[in-house]
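J.: Structure: model03.pdb, PDB, C-alpha atoms, pLDDT in the B column.
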```
ATOM      1  CA  MET A   1      82.929  72.214 126.082  1.00 59.00           C
ATOM      2  CA  GLU A   2      80.554  73.762 128.584  1.00 74.00           C
ATOM      3  CA  ASN A   3      82.566  75.832 131.045  1.00 84.00           C
ATOM      4  CA  PRO A   4      80.633  78.601 132.825  1.00 83.00           C
ATOM      5  CA  GLU A   5      83.913  80.485 133.367  1.00 87.00           C
ATOM      6  CA  ALA A   6      84.743  80.561 129.637  1.00 92.00           C
ATOM      7  CA  GLU A   7      84.360  83.822 127.736  1.00 93.00           C
ATOM      8  CA  VAL A   8      85.175  84.845 124.172  1.00 94.00           C
ATOM      9  CA  TYR A   9      88.693  86.195 123.613  1.00 94.00           C
ATOM     10  CA  PHE A  10      90.340  87.443 120.432  1.00 92.00           C
ATOM     11  CA  VAL A  11      93.918  86.279 119.871  1.00 94.00           C
ATOM     12  CA  PHE A  12      96.142  88.107 117.355  1.00 93.00           C
ATOM     13  CA  LEU A  13      99.454  86.673 116.199  1.00 91.00           C
ATOM     14  CA  ASN A  14     102.732  88.283 115.135  1.00 91.00           C
ATOM     15  CA  PHE A  15     103.550  88.863 111.429  1.00 85.00           C
ATOM     16  CA  ASP A  16     103.871  85.697 109.361  1.00 83.00           C
ATOM     17  CA  PRO A  17     105.618  85.774 105.949  1.00 81.00           C
ATOM     18  CA  GLU A  18     103.182  83.121 104.706  1.00 76.00           C
ATOM     19  CA  LEU A  19     100.563  85.895 104.509  1.00 74.00           C
ATOM     20  CA  THR A  20     101.562  86.504 100.879  1.00 70.00           C
ATOM     21  CA  LYS A  21      99.699  83.383  99.668  1.00 69.00           C
ATOM     22  CA  GLY A  22      96.433  83.347  97.708  1.00 77.00           C
ATOM     23  CA  SER A  23      93.105  83.815  99.494  1.00 79.00           C
ATOM     24  CA  ALA A  24      91.788  80.227  99.793  1.00 81.00           C
ATOM     25  CA  GLU A  25      95.231  78.826 100.511  1.00 86.00           C
ATOM     26  CA  LEU A  26      95.830  81.536 103.115  1.00 85.00           C
ATOM     27  CA  ASP A  27      92.521  80.887 104.899  1.00 87.00           C
ATOM     28  CA  ALA A  28      93.309  77.172 105.230  1.00 90.00           C
ATOM     29  CA  TYR A  29      96.908  77.843 106.307  1.00 90.00           C
ATOM     30  CA  LEU A  30      95.890  80.322 109.030  1.00 91.00           C
ATOM     31  CA  SER A  31      93.019  78.206 110.356  1.00 94.00           C
ATOM     32  CA  ASN A  32      95.385  75.238 110.668  1.00 96.00           C
ATOM     33  CA  LYS A  33      98.055  77.430 112.306  1.00 95.00           C
ATOM     34  CA  HIS A  34      95.520  78.702 114.859  1.00 96.00           C
ATOM     35  CA  ASP A  35      94.295  75.141 115.577  1.00 97.00           C
ATOM     36  CA  GLN A  36      97.871  73.948 116.153  1.00 97.00           C
ATOM     37  CA  LEU A  37      98.605  76.791 118.594  1.00 97.00           C
ATOM     38  CA  LEU A  38      95.505  75.988 120.647  1.00 97.00           C
ATOM     39  CA  GLU A  39      96.243  72.233 120.593  1.00 97.00           C
ATOM     40  CA  ARG A  40      99.832  72.843 121.720  1.00 97.00           C
ATOM     41  CA  LEU A  41      99.039  75.224 124.588  1.00 97.00           C
ATOM     42  CA  LEU A  42      95.608  74.245 125.929  1.00 97.00           C
ATOM     43  CA  GLU A  43      94.089  70.996 127.176  1.00 96.00           C
ATOM     44  CA  PRO A  44      91.733  69.186 124.763  1.00 95.00           C
ATOM     45  CA  ASN A  45      88.009  69.885 125.209  1.00 95.00           C
ATOM     46  CA  THR A  46      88.634  72.958 127.400  1.00 96.00           C
ATOM     47  CA  TYR A  47      88.137  75.548 124.645  1.00 96.00           C
ATOM     48  CA  LYS A  48      86.023  76.186 121.565  1.00 95.00           C
ATOM     49  CA  LYS A  49      87.525  78.047 118.614  1.00 96.00           C
ATOM     50  CA  ARG A  50      84.806  80.209 117.112  1.00 94.00           C
ATOM     51  CA  SER A  51      86.533  81.469 113.961  1.00 92.00           C
ATOM     52  CA  SER A  52      89.820  82.360 112.308  1.00 91.00           C
ATOM     53  CA  LEU A  53      90.319  85.900 111.081  1.00 87.00           C
ATOM     54  CA  ALA A  54      92.647  85.875 108.081  1.00 80.00           C
ATOM     55  CA  ILE A  55      92.841  89.622 107.566  1.00 79.00           C
ATOM     56  CA  VAL A  56      94.505  90.134 110.968  1.00 87.00           C
ATOM     57  CA  ASP A  57      95.920  86.623 111.550  1.00 91.00           C
ATOM     58  CA  GLY A  58      93.853  86.022 114.645  1.00 95.00           C
ATOM     59  CA  PHE A  59      90.970  83.985 115.973  1.00 96.00           C
ATOM     60  CA  ALA A  60      88.089  84.030 118.432  1.00 95.00           C
ATOM     61  CA  VAL A  61      88.038  81.329 121.089  1.00 96.00           C
ATOM     62  CA  GLU A  62      85.989  80.531 124.206  1.00 96.00           C
ATOM     63  CA  ILE A  63      88.487  80.157 127.067  1.00 97.00           C
ATOM     64  CA  THR A  64      89.011  81.024 130.719  1.00 96.00           C
ATOM     65  CA  GLU A  65      91.166  83.900 132.004  1.00 95.00           C
ATOM     66  CA  LYS A  66      93.803  81.339 133.028  1.00 97.00           C
ATOM     67  CA  GLN A  67      93.918  79.968 129.475  1.00 97.00           C
ATOM     68  CA  ALA A  68      94.136  83.531 128.121  1.00 97.00           C
ATOM     69  CA  ALA A  69      97.238  84.046 130.266  1.00 97.00           C
ATOM     70  CA  ILE A  70      98.786  80.883 128.793  1.00 97.00           C
ATOM     71  CA  LEU A  71      98.154  82.144 125.266  1.00 97.00           C
ATOM     72  CA  ARG A  72      99.554  85.596 126.138  1.00 97.00           C
ATOM     73  CA  SER A  73     102.857  83.978 127.102  1.00 97.00           C
ATOM     74  CA  ALA A  74     103.327  82.277 123.701  1.00 97.00           C
ATOM     75  CA  LYS A  75     106.078  83.893 121.603  1.00 96.00           C
ATOM     76  CA  GLU A  76     103.958  83.901 118.444  1.00 95.00           C
ATOM     77  CA  VAL A  77     101.029  85.694 120.105  1.00 97.00           C
ATOM     78  CA  ARG A  78     100.908  89.491 119.809  1.00 96.00           C
ATOM     79  CA  VAL A  79      97.796  90.201 121.904  1.00 96.00           C
ATOM     80  CA  VAL A  80      94.917  88.417 123.678  1.00 97.00           C
ATOM     81  CA  GLU A  81      91.839  90.508 124.492  1.00 95.00           C
ATOM     82  CA  LYS A  82      88.502  89.598 126.017  1.00 94.00           C
ATOM     83  CA  ASN A  83      85.558  90.387 123.731  1.00 91.00           C
ATOM     84  CA  GLN A  84      83.771  93.536 124.842  1.00 83.00           C
ATOM     85  CA  GLU A  85      80.068  93.548 124.037  1.00 73.00           C
ATOM     86  CA  LEU A  86      78.862  96.941 122.827  1.00 63.00           C
ATOM     87  CA  ALA A  87      75.461  98.143 123.973  1.00 58.00           C
TER      88      ALA A  87
END
```
Would you kindly transcribe this structure into structure tokens?

T.:
Amino acid sequence: MENPEAEVYFVFLNFDPELTKGSAELDAYLSNKHDQLLERLLEPNTYKKRSSLAIVDGFAVEITEKQAAILRSAKEVRVVEKNQELA
């Protein structure tokens, strides 16, 4: 995916009771959950997930502002914020 309009956004999800699982199992569960959300809401090959963040149940993804708005409207999404580079 090479889209000059894409920027890195952080997406944080609402509380999930599955967060009580063990570390390795939790990492795999959350990464899969994040992948499924992106696959359900965004067109294939229009985004690039950078990482899943287990401690906050979120992920970093390269998307456009329009795609960020789509993710913001999902009921399981708590917040979507554009990455702010610090000088």

J.: Exactly which residues make up the result of the PyMOL selection byres ((chain A and resi 1-11) around 7) on this file, given as a PDB file with C-alpha atoms, in the coordinates of the input?

T.:
```pdb
ATOM      1  CA  PHE A  12      96.142  88.107 117.355  1.00 93.00           C
ATOM      2  CA  LEU A  13      99.454  86.673 116.199  1.00 91.00           C
ATOM      3  CA  ASN A  45      88.009  69.885 125.209  1.00 95.00           C
ATOM      4  CA  THR A  46      88.634  72.958 127.400  1.00 96.00           C
ATOM      5  CA  TYR A  47      88.137  75.548 124.645  1.00 96.00           C
ATOM      6  CA  LYS A  48      86.023  76.186 121.565  1.00 95.00           C
ATOM      7  CA  GLY A  58      93.853  86.022 114.645  1.00 95.00           C
ATOM      8  CA  PHE A  59      90.970  83.985 115.973  1.00 96.00           C
ATOM      9  CA  ALA A  60      88.089  84.030 118.432  1.00 95.00           C
ATOM     10  CA  VAL A  61      88.038  81.329 121.089  1.00 96.00           C
ATOM     11  CA  GLU A  62      85.989  80.531 124.206  1.00 96.00           C
ATOM     12  CA  ILE A  63      88.487  80.157 127.067  1.00 97.00           C
ATOM     13  CA  THR A  64      89.011  81.024 130.719  1.00 96.00           C
ATOM     14  CA  VAL A  79      97.796  90.201 121.904  1.00 96.00           C
ATOM     15  CA  VAL A  80      94.917  88.417 123.678  1.00 97.00           C
ATOM     16  CA  GLU A  81      91.839  90.508 124.492  1.00 95.00           C
ATOM     17  CA  LYS A  82      88.502  89.598 126.017  1.00 94.00           C
ATOM     18  CA  ASN A  83      85.558  90.387 123.731  1.00 91.00           C
TER      19      ASN A  83
END
```

J.: When distances are computed from only C-alpha atoms, which of A:Ala68, A:Leu41, A:Glu85, A:Asp57 shows the smallest separation from A:Pro17?

T.: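 Checking each of A:Ala68, A:Leu41, A:Glu85, A:Asp57 against A:Pro17, counting only C-alpha atoms, the winner is A:Asp57.
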
J.: Suppose you want the space between atom CA of A:Gln67 and atom CA of A:His34; what is it in Å?

T.: 14.8 Å

J.: Suppose you want the space between atom CA of A:Ser73 and atom CA of A:Leu37; what is it in Å?

T.: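 Answer for the atom CA of A:Ser73 to atom CA of A:Leu37 separation: 11.9 Å.
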
J.: Give the answer as one residue: which of A:Glu43, A:Ile55, A:Glu76, A:Lys49 has the shortest atom-to-atom distance to A:Leu30, using all atoms listed in the file?

T.: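 For A:Leu30, the nearest of the given residues is A:Ile55.
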
J.: Tell me, in Å to one decimal, how far atom CA of A:Ala54 is from atom CA of A:Ala28.

T.: 9.2 Å

J.: Padding 4 Å on each side, edges along x, y and z: where is the centre of the box around the listed atoms of stretch 57-76 of chain A, and how long are its edges in Å to one decimal? Output it as AutoDock Vina command-line options.

T.:
```
--center_x 96.0 --center_y 83.3 --center_z 122.3 --size_x 28.1 --size_y 14.7 --size_z 29.5
```

J.: Could you check which of A:Asp35, A:Ser51, A:Arg78, A:Val56 is closest to A:Leu19, using only C-alpha atoms?

T.: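 Nearest candidate to A:Leu19 out of A:Asp35, A:Ser51, A:Arg78, A:Val56: A:Val56.
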